[in-house]
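Asker: The following block contains the structure, expressed as structure tokens.
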Amino acid sequence: FTLHNYVDLFMDSNFLASVGRSIAMSIIPIIVTIVIVLLALFVTAIYFPKLEKYVQIICMIPYTIQGVILSVSILSLYVGSSSILSNRLVMLMGAYCIVILPYIYQGIRNGMRAVNMPTLIEAAEMLGASKIYAFFRVVVPNILSAIIVSSLLAVGIIFGDYVLIRNLAGTSAPNMQIFLYQTMKSDSTKASAVFVVIMFVTFVITAIVLFMKSREAKGKTHRK
């Protein structure tokens, strides 16, 4: 039993770079998806409530799309384009936005229903606030825990991805999964250390999500 593989791993600049890329690849799609979902739910809930079911259907579609099918479809559509969409990293970020969309949508939607968003906005309007101001200054802070939980779930999904980044970005922007695959070819014990690190990160994310959900449930119980 030895820990020298873990020491060597965290002294490896390529591994640290792959960790940084994984974090960056998680943050950007999550922020973009959260903003899009918040705006879409704001418009549908306030102005077009009958369209909410169609928004839900669209957001749930990615559940049925396999990573291989999604990556091949994106490549066939944009790889020959002269626009910025032909950039491999842009395609990868867009693919991640699609993959995490159901989780972000479901978390934000449940949070809005839990705080009774229309009532909060009406109360803010009675005090002189506009709808958009009430939404971002009253509703969003009240559903912040739901946003954080859904974001953590999305981080876990992106951290564990191999298919999309392998097909769309190749080895030009290797994340932790790509680093693990490459390490398995040369050093099995070091690869085991990488796998343990990935599992530990996933465990920590899951533990935080469960803790926040239990705290939110206790808060609802106390309020009742």
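Ligands are numbered from 1 in the order shown, residues from 1 within each chain, and chains are lettered A, B, ... in the order they appear in the structure tokens.
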Would you list the contacts of stretch 15-22 of chain A as a PDB file with all heavy atoms, in the first residue's frame, taking every protein, DNA or RNA residue within 6 Å and counting only C-alpha atoms, but skipping same-chain residues closer than 6 positions in sequence?
Answerer:
```pdb
ATOM      1  N   PRO A 174      -8.195  17.877 -23.338  1.00  0.00           N
ATOM      2  CA  PRO A 174      -8.499  16.708 -22.523  1.00  0.00           C
ATOM      3  C   PRO A 174      -8.975  17.065 -21.124  1.00  0.00           C
ATOM      4  O   PRO A 174      -8.357  17.869 -20.435  1.00  0.00           O
ATOM      5  CB  PRO A 174      -7.155  15.963 -22.471  1.00  0.00           C
ATOM      6  CG  PRO A 174      -6.125  17.014 -22.715  1.00  0.00           C
ATOM      7  CD  PRO A 174      -6.760  17.994 -23.642  1.00  0.00           C
ATOM      8  N   ASN A 175     -10.084  16.466 -20.719  1.00  0.00           N
ATOM      9  CA  ASN A 175     -10.561  16.633 -19.348  1.00  0.00           C
ATOM     10  C   ASN A 175     -10.075  15.451 -18.515  1.00  0.00           C
ATOM     11  O   ASN A 175      -9.207  14.691 -18.931  1.00  0.00           O
ATOM     12  CB  ASN A 175     -12.075  16.762 -19.320  1.00  0.00           C
ATOM     13  CG  ASN A 175     -12.779  15.495 -19.764  1.00  0.00           C
ATOM     14  OD1 ASN A 175     -12.160  14.569 -20.298  1.00  0.00           O
ATOM     15  ND2 ASN A 175     -14.064  15.442 -19.552  1.00  0.00           N
ATOM     16  N   MET A 176     -10.635  15.265 -17.331  1.00  0.00           N
ATOM     17  CA  MET A 176     -10.166  14.203 -16.449  1.00  0.00           C
ATOM     18  C   MET A 176     -10.429  12.824 -17.031  1.00  0.00           C
ATOM     19  O   MET A 176      -9.627  11.901 -16.846  1.00  0.00           O
ATOM     20  CB  MET A 176     -10.848  14.352 -15.075  1.00  0.00           C
ATOM     21  CG  MET A 176     -10.411  15.596 -14.318  1.00  0.00           C
ATOM     22  SD  MET A 176     -11.248  15.781 -12.722  1.00  0.00           S
ATOM     23  CE  MET A 176     -10.541  14.405 -11.812  1.00  0.00           C
TER      24      MET A 176
END
```
Asker: Excluding A:Gly170 and residues on its chain fewer than 6 positions from it, collect all residues at most 10 Å away from it, counting only C-alpha atoms, and give them as number ranges by chain.
Answerer: A: 88-89, 162-164, 178
Asker: Next, write the just-selected residues to a file, as a JSON list (two decimals), in the first residue's frame, keeping N, CA, C and O atoms as the atom set.
Answerer:
```json
[["chain", "number", "residue", "atom", "x", "y", "z"],
["A", 88, "ARG", "N", -14.44, 23.59, -32.31],
["A", 88, "ARG", "CA", -14.71, 22.35, -31.58],
["A", 88, "ARG", "C", -15.13, 22.61, -30.13],
["A", 88, "ARG", "O", -16.01, 21.94, -29.61],
["A", 89, "LEU", "N", -14.49, 23.59, -29.49],
["A", 89, "LEU", "CA", -14.85, 23.89, -28.10],
["A", 89, "LEU", "C", -16.24, 24.51, -27.99],
["A", 89, "LEU", "O", -16.98, 24.25, -27.04],
["A", 162, "TYR", "N", -17.17, 11.34, -21.27],
["A", 162, "TYR", "CA", -16.04, 10.93, -22.10],
["A", 162, "TYR", "C", -16.41, 10.98, -23.59],
["A", 162, "TYR", "O", -15.62, 11.42, -24.41],
["A", 163, "VAL", "N", -17.63, 10.55, -23.90],
["A", 163, "VAL", "CA", -18.04, 10.40, -25.30],
["A", 163, "VAL", "C", -18.05, 11.74, -26.03],
["A", 163, "VAL", "O", -17.46, 11.89, -27.11],
["A", 164, "LEU", "N", -18.71, 12.74, -25.45],
["A", 164, "LEU", "CA", -18.85, 14.03, -26.14],
["A", 164, "LEU", "C", -17.51, 14.70, -26.36],
["A", 164, "LEU", "O", -17.21, 15.16, -27.46],
["A", 178, "ILE", "N", -10.54, 12.00, -20.28],
["A", 178, "ILE", "CA", -9.56, 11.77, -21.34],
["A", 178, "ILE", "C", -8.19, 11.47, -20.74],
["A", 178, "ILE", "O", -7.47, 10.58, -21.21]]
```
Asker: List as an mmCIF file with all heavy atoms, in the first residue's frame the protein and nucleic acid residues near A:Ile36, meaning an atom at most 10 Å away when only C-alpha atoms are counted, but skip any in the same chain fewer than 5 places from it.
Answerer:
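The resulting file, selection_23.cif, is shown below:
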```
data_model
loop_
_atom_site.group_PDB
_atom_site.id
_atom_site.type_symbol
_atom_site.label_atom_id
_atom_site.label_comp_id
_atom_site.auth_asym_id
_atom_site.auth_seq_id
_atom_site.Cartn_x
_atom_site.Cartn_y
_atom_site.Cartn_z
ATOM 1 N N ILE A 30 -23.115 25.543 -17.599
ATOM 2 C CA ILE A 30 -24.101 25.649 -16.522
ATOM 3 C C ILE A 30 -24.628 27.078 -16.424
ATOM 4 O O ILE A 30 -25.836 27.301 -16.301
ATOM 5 C CB ILE A 30 -23.488 25.186 -15.183
ATOM 6 C CG1 ILE A 30 -23.305 23.672 -15.195
ATOM 7 C CG2 ILE A 30 -24.368 25.608 -14.010
ATOM 8 C CD1 ILE A 30 -22.550 23.139 -14.011
ATOM 9 N N ILE A 31 -23.736 28.065 -16.477
ATOM 10 C CA ILE A 31 -24.172 29.467 -16.403
ATOM 11 C C ILE A 31 -25.076 29.807 -17.579
ATOM 12 O O ILE A 31 -26.142 30.416 -17.414
ATOM 13 C CB ILE A 31 -22.948 30.405 -16.366
ATOM 14 C CG1 ILE A 31 -22.195 30.233 -15.042
ATOM 15 C CG2 ILE A 31 -23.387 31.860 -16.541
ATOM 16 C CD1 ILE A 31 -20.910 31.039 -14.956
ATOM 17 N N LEU A 41 -38.538 30.391 -18.438
ATOM 18 C CA LEU A 41 -39.592 30.153 -17.455
ATOM 19 C C LEU A 41 -40.250 31.450 -17.002
ATOM 20 O O LEU A 41 -41.446 31.475 -16.704
ATOM 21 C CB LEU A 41 -39.019 29.403 -16.246
ATOM 22 C CG LEU A 41 -38.661 27.943 -16.496
ATOM 23 C CD1 LEU A 41 -38.048 27.319 -15.256
ATOM 24 C CD2 LEU A 41 -39.898 27.156 -16.908
ATOM 25 N N PHE A 42 -39.485 32.525 -16.963
ATOM 26 C CA PHE A 42 -40.072 33.820 -16.617
ATOM 27 C C PHE A 42 -41.105 34.238 -17.653
ATOM 28 O O PHE A 42 -42.235 34.626 -17.327
ATOM 29 C CB PHE A 42 -38.975 34.882 -16.513
ATOM 30 C CG PHE A 42 -39.509 36.298 -16.464
ATOM 31 C CD1 PHE A 42 -40.136 36.767 -15.327
ATOM 32 C CD2 PHE A 42 -39.389 37.130 -17.560
ATOM 33 C CE1 PHE A 42 -40.627 38.062 -15.278
ATOM 34 C CE2 PHE A 42 -39.873 38.426 -17.527
ATOM 35 C CZ PHE A 42 -40.494 38.899 -16.388
ATOM 36 N N CYS A 97 -24.553 22.058 -22.857
ATOM 37 C CA CYS A 97 -25.786 22.796 -22.526
ATOM 38 C C CYS A 97 -27.024 21.940 -22.798
ATOM 39 O O CYS A 97 -27.982 21.958 -22.025
ATOM 40 C CB CYS A 97 -25.862 24.089 -23.334
ATOM 41 S SG CYS A 97 -24.690 25.366 -22.822
ATOM 42 N N LEU A 101 -29.510 20.297 -19.778
ATOM 43 C CA LEU A 101 -30.754 21.076 -19.806
ATOM 44 C C LEU A 101 -31.884 20.469 -18.970
ATOM 45 O O LEU A 101 -32.535 21.190 -18.200
ATOM 46 C CB LEU A 101 -31.203 21.259 -21.257
ATOM 47 C CG LEU A 101 -32.508 22.048 -21.484
ATOM 48 C CD1 LEU A 101 -32.409 23.445 -20.893
ATOM 49 C CD2 LEU A 101 -32.851 22.112 -22.969
ATOM 50 N N TYR A 105 -33.433 22.555 -15.845
ATOM 51 C CA TYR A 105 -34.836 22.959 -15.981
ATOM 52 C C TYR A 105 -35.684 22.406 -14.834
ATOM 53 O O TYR A 105 -36.470 23.134 -14.227
ATOM 54 C CB TYR A 105 -35.393 22.478 -17.322
ATOM 55 C CG TYR A 105 -36.896 22.591 -17.413
ATOM 56 C CD1 TYR A 105 -37.510 23.817 -17.675
ATOM 57 C CD2 TYR A 105 -37.715 21.480 -17.202
ATOM 58 C CE1 TYR A 105 -38.891 23.923 -17.736
ATOM 59 C CE2 TYR A 105 -39.089 21.587 -17.265
ATOM 60 C CZ TYR A 105 -39.664 22.811 -17.529
ATOM 61 O OH TYR A 105 -41.035 22.905 -17.579
#
```
Asker: Applying 12 Å and only C-alpha atoms, which residues near A:Met117 remain after dropping the ones on its own chain fewer than 5 positions away? List them as a list of chain:residue names.
Answerer: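 After dropping sequence-adjacent residues, the list is A:Leu41, A:Phe42, A:Ala45, A:Ile46, A:Ile108, A:Arg109, A:Asn110, A:Gly111, A:Met112, A:Glu122, A:Ala123, A:Ala124, A:Lys131, A:Ala134, A:Phe135, A:Phe136, A:Val138, A:Val139, A:Val140, A:Pro141, A:Asn142, A:Ile143.
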Asker: Quick one: everything within 8 Å of stretch 186-190 of chain A, counting only C-alpha atoms, minus sequence neighbours fewer than 2 positions away in the same chain. Send it as a VMD selection string.
Answerer: chain A and resid 5 to 6 9 182 to 184 192 to 194
Asker: Please write the residues from the selection above to a file, keeping all heavy atoms, as a short mmCIF file (atom, residue, chain, number, x, y, z; two decimals), in the first residue's frame.
Answerer:
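Resulting contents of result.cif:
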```
data_model
loop_
_atom_site.label_atom_id
_atom_site.label_comp_id
_atom_site.auth_asym_id
_atom_site.auth_seq_id
_atom_site.Cartn_x
_atom_site.Cartn_y
_atom_site.Cartn_z
N ASN A 5 1.54 7.20 -5.86
CA ASN A 5 0.83 7.46 -7.13
C ASN A 5 -0.02 8.72 -7.04
O ASN A 5 -0.12 9.47 -8.02
CB ASN A 5 -0.06 6.27 -7.48
CG ASN A 5 0.76 5.07 -7.96
OD1 ASN A 5 1.59 5.20 -8.85
ND2 ASN A 5 0.54 3.92 -7.35
N TYR A 6 -0.62 8.95 -5.88
CA TYR A 6 -1.43 10.16 -5.70
C TYR A 6 -0.53 11.40 -5.66
O TYR A 6 -0.88 12.46 -6.20
CB TYR A 6 -2.26 10.06 -4.42
CG TYR A 6 -3.30 8.98 -4.48
CD1 TYR A 6 -3.05 7.72 -3.96
CD2 TYR A 6 -4.54 9.23 -5.06
CE1 TYR A 6 -4.00 6.72 -4.02
CE2 TYR A 6 -5.50 8.24 -5.12
CZ TYR A 6 -5.23 6.98 -4.60
OH TYR A 6 -6.18 6.00 -4.67
N LEU A 9 0.57 12.09 -9.06
CA LEU A 9 -0.57 12.57 -9.85
C LEU A 9 -0.77 14.07 -9.66
O LEU A 9 -0.93 14.82 -10.63
CB LEU A 9 -1.84 11.82 -9.43
CG LEU A 9 -3.10 12.05 -10.26
CD1 LEU A 9 -2.89 11.61 -11.70
CD2 LEU A 9 -4.28 11.30 -9.65
N GLN A 182 -5.97 8.05 -21.32
CA GLN A 182 -4.59 8.07 -21.80
C GLN A 182 -3.64 7.42 -20.79
O GLN A 182 -2.69 6.74 -21.17
CB GLN A 182 -4.17 9.50 -22.09
CG GLN A 182 -4.91 10.14 -23.27
CD GLN A 182 -4.58 11.60 -23.44
OE1 GLN A 182 -4.18 12.27 -22.49
NE2 GLN A 182 -4.77 12.12 -24.64
N THR A 183 -3.91 7.64 -19.50
CA THR A 183 -3.06 7.08 -18.45
C THR A 183 -3.18 5.57 -18.38
O THR A 183 -2.20 4.86 -18.09
CB THR A 183 -3.41 7.70 -17.09
OG1 THR A 183 -3.36 9.12 -17.18
CG2 THR A 183 -2.45 7.24 -16.00
N MET A 184 -4.37 5.04 -18.66
CA MET A 184 -4.58 3.59 -18.62
C MET A 184 -3.67 2.86 -19.61
O MET A 184 -3.33 1.69 -19.40
CB MET A 184 -6.05 3.27 -18.91
CG MET A 184 -7.01 3.63 -17.79
SD MET A 184 -8.74 3.40 -18.26
CE MET A 184 -8.77 1.64 -18.57
N SER A 192 -5.51 4.05 -11.74
CA SER A 192 -6.37 3.75 -10.61
C SER A 192 -6.48 4.95 -9.67
O SER A 192 -7.55 5.24 -9.14
CB SER A 192 -5.82 2.54 -9.84
OG SER A 192 -5.79 1.39 -10.66
N ALA A 193 -5.37 5.66 -9.48
CA ALA A 193 -5.39 6.86 -8.65
C ALA A 193 -6.28 7.93 -9.26
O ALA A 193 -7.04 8.61 -8.55
CB ALA A 193 -3.96 7.38 -8.46
N VAL A 194 -6.21 8.09 -10.58
CA VAL A 194 -7.07 9.06 -11.27
C VAL A 194 -8.54 8.68 -11.08
O VAL A 194 -9.39 9.53 -10.80
CB VAL A 194 -6.73 9.12 -12.77
CG1 VAL A 194 -7.67 10.08 -13.49
CG2 VAL A 194 -5.29 9.56 -12.98
#
```
Asker: Calculated over only C-alpha atoms, which of the candidates A:Tyr63, A:Tyr133, A:Tyr96, A:Tyr78 has the smallest distance to A:Leu120?
Answerer: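 Ranked by minimum distance to A:Leu120, first place goes to A:Tyr133.
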Asker: Distance atom CA of A:Tyr103-atom CA of A:Ser151, one decimal place?
Answerer: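 Atom CA of A:Tyr103 sits 8.0 Å away from atom CA of A:Ser151.
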Asker: Stretch 42-223 of chain A: which residues are helix (DSSP H, G or I) by DSSP, as an mmCIF file with C-alpha atoms, in the first residue's frame?
Answerer:
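out_33.cif, freshly written:
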```cif
data_model
loop_
_atom_site.group_PDB
_atom_site.id
_atom_site.type_symbol
_atom_site.label_atom_id
_atom_site.label_comp_id
_atom_site.auth_asym_id
_atom_site.auth_seq_id
_atom_site.Cartn_x
_atom_site.Cartn_y
_atom_site.Cartn_z
ATOM 1 C CA PHE A 42 -40.072 33.820 -16.617
ATOM 2 C CA VAL A 43 -41.644 34.547 -20.009
ATOM 3 C CA THR A 44 -43.826 31.437 -20.066
ATOM 4 C CA ALA A 45 -44.957 31.674 -16.438
ATOM 5 C CA ILE A 46 -45.850 35.379 -16.596
ATOM 6 C CA PRO A 49 -48.532 30.090 -19.224
ATOM 7 C CA LYS A 50 -50.160 27.836 -21.835
ATOM 8 C CA LEU A 51 -46.791 27.354 -23.500
ATOM 9 C CA GLU A 52 -45.114 25.995 -20.363
ATOM 10 C CA LYS A 53 -45.934 22.383 -21.211
ATOM 11 C CA TYR A 54 -44.231 22.752 -24.584
ATOM 12 C CA VAL A 55 -41.149 24.243 -22.934
ATOM 13 C CA GLN A 56 -41.109 21.266 -20.584
ATOM 14 C CA ILE A 57 -41.302 18.809 -23.486
ATOM 15 C CA ILE A 58 -38.423 20.538 -25.281
ATOM 16 C CA CYS A 59 -36.291 20.551 -22.131
ATOM 17 C CA MET A 60 -36.951 16.861 -21.474
ATOM 18 C CA ILE A 61 -35.989 15.703 -24.985
ATOM 19 C CA PRO A 62 -32.239 15.474 -24.179
ATOM 20 C CA TYR A 63 -33.040 12.635 -21.755
ATOM 21 C CA THR A 64 -33.588 10.409 -24.803
ATOM 22 C CA GLY A 67 -24.010 11.043 -26.432
ATOM 23 C CA VAL A 68 -22.791 9.344 -29.593
ATOM 24 C CA ILE A 69 -25.863 10.398 -31.570
ATOM 25 C CA LEU A 70 -25.646 13.970 -30.268
ATOM 26 C CA SER A 71 -21.940 14.367 -31.053
ATOM 27 C CA VAL A 72 -22.212 12.883 -34.544
ATOM 28 C CA SER A 73 -25.230 15.078 -35.321
ATOM 29 C CA ILE A 74 -23.429 18.220 -34.168
ATOM 30 C CA LEU A 75 -20.334 17.362 -36.193
ATOM 31 C CA SER A 76 -22.308 16.661 -39.356
ATOM 32 C CA LEU A 77 -24.194 19.934 -38.995
ATOM 33 C CA TYR A 78 -21.474 22.415 -38.003
ATOM 34 C CA ILE A 84 -17.843 30.336 -34.822
ATOM 35 C CA LEU A 85 -20.097 27.308 -34.394
ATOM 36 C CA SER A 86 -17.529 25.230 -36.278
ATOM 37 C CA ARG A 88 -14.714 22.347 -31.582
ATOM 38 C CA LEU A 89 -14.848 23.888 -28.095
ATOM 39 C CA VAL A 90 -17.939 25.911 -28.990
ATOM 40 C CA MET A 91 -19.607 22.727 -30.231
ATOM 41 C CA LEU A 92 -18.617 20.964 -27.009
ATOM 42 C CA MET A 93 -20.022 23.754 -24.809
ATOM 43 C CA GLY A 94 -23.251 23.698 -26.797
ATOM 44 C CA ALA A 95 -23.493 19.922 -26.457
ATOM 45 C CA TYR A 96 -23.031 20.165 -22.695
ATOM 46 C CA CYS A 97 -25.786 22.796 -22.526
ATOM 47 C CA ILE A 98 -28.112 20.311 -24.219
ATOM 48 C CA VAL A 99 -27.107 17.388 -21.989
ATOM 49 C CA ILE A 100 -27.614 19.236 -18.686
ATOM 50 C CA LEU A 101 -30.754 21.076 -19.806
ATOM 51 C CA PRO A 102 -33.281 18.613 -18.264
ATOM 52 C CA TYR A 103 -31.575 18.713 -14.865
ATOM 53 C CA ILE A 104 -31.272 22.495 -14.754
ATOM 54 C CA TYR A 105 -34.836 22.959 -15.981
ATOM 55 C CA GLN A 106 -36.369 20.501 -13.535
ATOM 56 C CA GLY A 107 -34.531 21.968 -10.558
ATOM 57 C CA ILE A 108 -35.445 25.581 -11.359
ATOM 58 C CA ARG A 109 -39.042 24.698 -12.210
ATOM 59 C CA ASN A 110 -39.526 22.813 -8.938
ATOM 60 C CA GLY A 111 -38.003 25.725 -7.049
ATOM 61 C CA MET A 112 -40.363 28.214 -8.682
ATOM 62 C CA ARG A 113 -43.369 26.096 -7.847
ATOM 63 C CA ALA A 114 -42.228 25.699 -4.241
ATOM 64 C CA VAL A 115 -42.051 29.483 -3.659
ATOM 65 C CA MET A 117 -43.597 32.592 -8.092
ATOM 66 C CA PRO A 118 -46.744 34.396 -9.406
ATOM 67 C CA THR A 119 -47.706 35.418 -5.872
ATOM 68 C CA LEU A 120 -44.232 36.769 -5.130
ATOM 69 C CA ILE A 121 -44.184 38.796 -8.340
ATOM 70 C CA GLU A 122 -47.660 40.192 -7.690
ATOM 71 C CA ALA A 123 -46.615 41.239 -4.186
ATOM 72 C CA ALA A 124 -43.504 42.947 -5.555
ATOM 73 C CA GLU A 125 -45.558 44.730 -8.208
ATOM 74 C CA MET A 126 -47.877 46.089 -5.527
ATOM 75 C CA LYS A 131 -41.972 42.104 -13.301
ATOM 76 C CA ILE A 132 -38.400 41.564 -14.450
ATOM 77 C CA TYR A 133 -36.987 43.334 -11.385
ATOM 78 C CA ALA A 134 -39.225 41.272 -9.080
ATOM 79 C CA PHE A 135 -38.170 38.089 -10.802
ATOM 80 C CA PHE A 136 -34.425 38.597 -10.477
ATOM 81 C CA ARG A 137 -34.420 40.362 -7.086
ATOM 82 C CA VAL A 138 -37.178 38.436 -5.313
ATOM 83 C CA VAL A 139 -37.839 35.085 -7.027
ATOM 84 C CA VAL A 140 -34.287 34.085 -8.004
ATOM 85 C CA PRO A 141 -32.824 34.589 -4.477
ATOM 86 C CA ASN A 142 -35.651 32.440 -3.091
ATOM 87 C CA LEU A 144 -31.101 29.852 -5.151
ATOM 88 C CA SER A 145 -30.831 26.503 -3.357
ATOM 89 C CA ALA A 146 -32.692 24.771 -6.208
ATOM 90 C CA ILE A 147 -30.352 26.397 -8.737
ATOM 91 C CA ILE A 148 -27.285 25.278 -6.783
ATOM 92 C CA VAL A 149 -28.527 21.693 -6.423
ATOM 93 C CA SER A 150 -29.326 21.361 -10.130
ATOM 94 C CA SER A 151 -25.954 22.953 -10.980
ATOM 95 C CA LEU A 152 -24.102 20.421 -8.849
ATOM 96 C CA LEU A 153 -25.935 17.592 -10.590
ATOM 97 C CA ALA A 154 -24.898 19.091 -13.915
ATOM 98 C CA VAL A 155 -21.269 19.304 -12.730
ATOM 99 C CA GLY A 156 -21.324 15.596 -11.911
ATOM 100 C CA ILE A 157 -22.641 14.788 -15.384
ATOM 101 C CA ILE A 158 -20.020 16.905 -17.168
ATOM 102 C CA PHE A 159 -17.189 15.596 -14.987
ATOM 103 C CA VAL A 163 -18.040 10.404 -25.303
ATOM 104 C CA LEU A 164 -18.852 14.029 -26.137
ATOM 105 C CA ILE A 165 -15.414 15.465 -25.465
ATOM 106 C CA ARG A 166 -13.718 12.549 -27.248
ATOM 107 C CA ASN A 167 -15.850 12.943 -30.375
ATOM 108 C CA LEU A 168 -16.136 16.742 -30.466
ATOM 109 C CA MET A 176 -10.166 14.203 -16.449
ATOM 110 C CA GLN A 177 -11.842 11.362 -18.329
ATOM 111 C CA ILE A 178 -9.564 11.775 -21.344
ATOM 112 C CA PHE A 179 -6.566 11.943 -19.012
ATOM 113 C CA LEU A 180 -7.740 8.722 -17.355
ATOM 114 C CA TYR A 181 -8.077 6.976 -20.722
ATOM 115 C CA GLN A 182 -4.595 8.065 -21.800
ATOM 116 C CA THR A 183 -3.056 7.083 -18.453
ATOM 117 C CA MET A 184 -4.581 3.590 -18.620
ATOM 118 C CA SER A 188 -2.414 1.127 -14.591
ATOM 119 C CA THR A 189 -1.653 2.080 -10.972
ATOM 120 C CA LYS A 190 -1.614 5.782 -11.777
ATOM 121 C CA ALA A 191 -4.851 5.311 -13.722
ATOM 122 C CA SER A 192 -6.374 3.745 -10.608
ATOM 123 C CA ALA A 193 -5.389 6.861 -8.648
ATOM 124 C CA VAL A 194 -7.072 9.061 -11.268
ATOM 125 C CA PHE A 195 -10.208 6.931 -11.051
ATOM 126 C CA VAL A 196 -10.278 7.256 -7.255
ATOM 127 C CA VAL A 197 -9.938 11.040 -7.521
ATOM 128 C CA ILE A 198 -12.827 11.208 -10.007
ATOM 129 C CA MET A 199 -14.974 8.996 -7.784
ATOM 130 C CA PHE A 200 -14.113 11.137 -4.752
ATOM 131 C CA VAL A 201 -15.113 14.331 -6.578
ATOM 132 C CA THR A 202 -18.386 12.705 -7.649
ATOM 133 C CA PHE A 203 -19.006 11.525 -4.077
ATOM 134 C CA VAL A 204 -18.412 15.024 -2.674
ATOM 135 C CA ILE A 205 -20.792 16.554 -5.217
ATOM 136 C CA THR A 206 -23.461 13.956 -4.402
ATOM 137 C CA ALA A 207 -23.017 14.507 -0.663
ATOM 138 C CA ILE A 208 -23.415 18.275 -1.049
ATOM 139 C CA VAL A 209 -26.559 17.817 -3.152
ATOM 140 C CA LEU A 210 -28.103 15.449 -0.595
ATOM 141 C CA PHE A 211 -27.168 17.767 2.279
ATOM 142 C CA MET A 212 -28.721 20.787 0.585
ATOM 143 C CA LYS A 213 -31.873 18.860 -0.274
ATOM 144 C CA SER A 214 -32.259 17.610 3.303
ATOM 145 C CA ARG A 215 -31.693 21.110 4.678
ATOM 146 C CA GLU A 216 -34.266 22.508 2.275
ATOM 147 C CA ALA A 217 -36.762 19.823 3.303
ATOM 148 C CA LYS A 218 -36.198 20.614 6.990
ATOM 149 C CA GLY A 219 -36.687 24.302 6.292
ATOM 150 C CA LYS A 220 -40.025 23.603 4.607
ATOM 151 C CA THR A 221 -41.087 21.446 7.569
ATOM 152 C CA HIS A 222 -40.247 24.193 10.063
ATOM 153 C CA ARG A 223 -42.108 26.803 8.018
#
```
Asker: Could you check how far atom CA of A:Ala173 sits from atom CA of A:Ala24, in Å to one decimal?
Answerer: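 Taking atom CA of A:Ala173 and atom CA of A:Ala24, their separation equals 10.9 Å.
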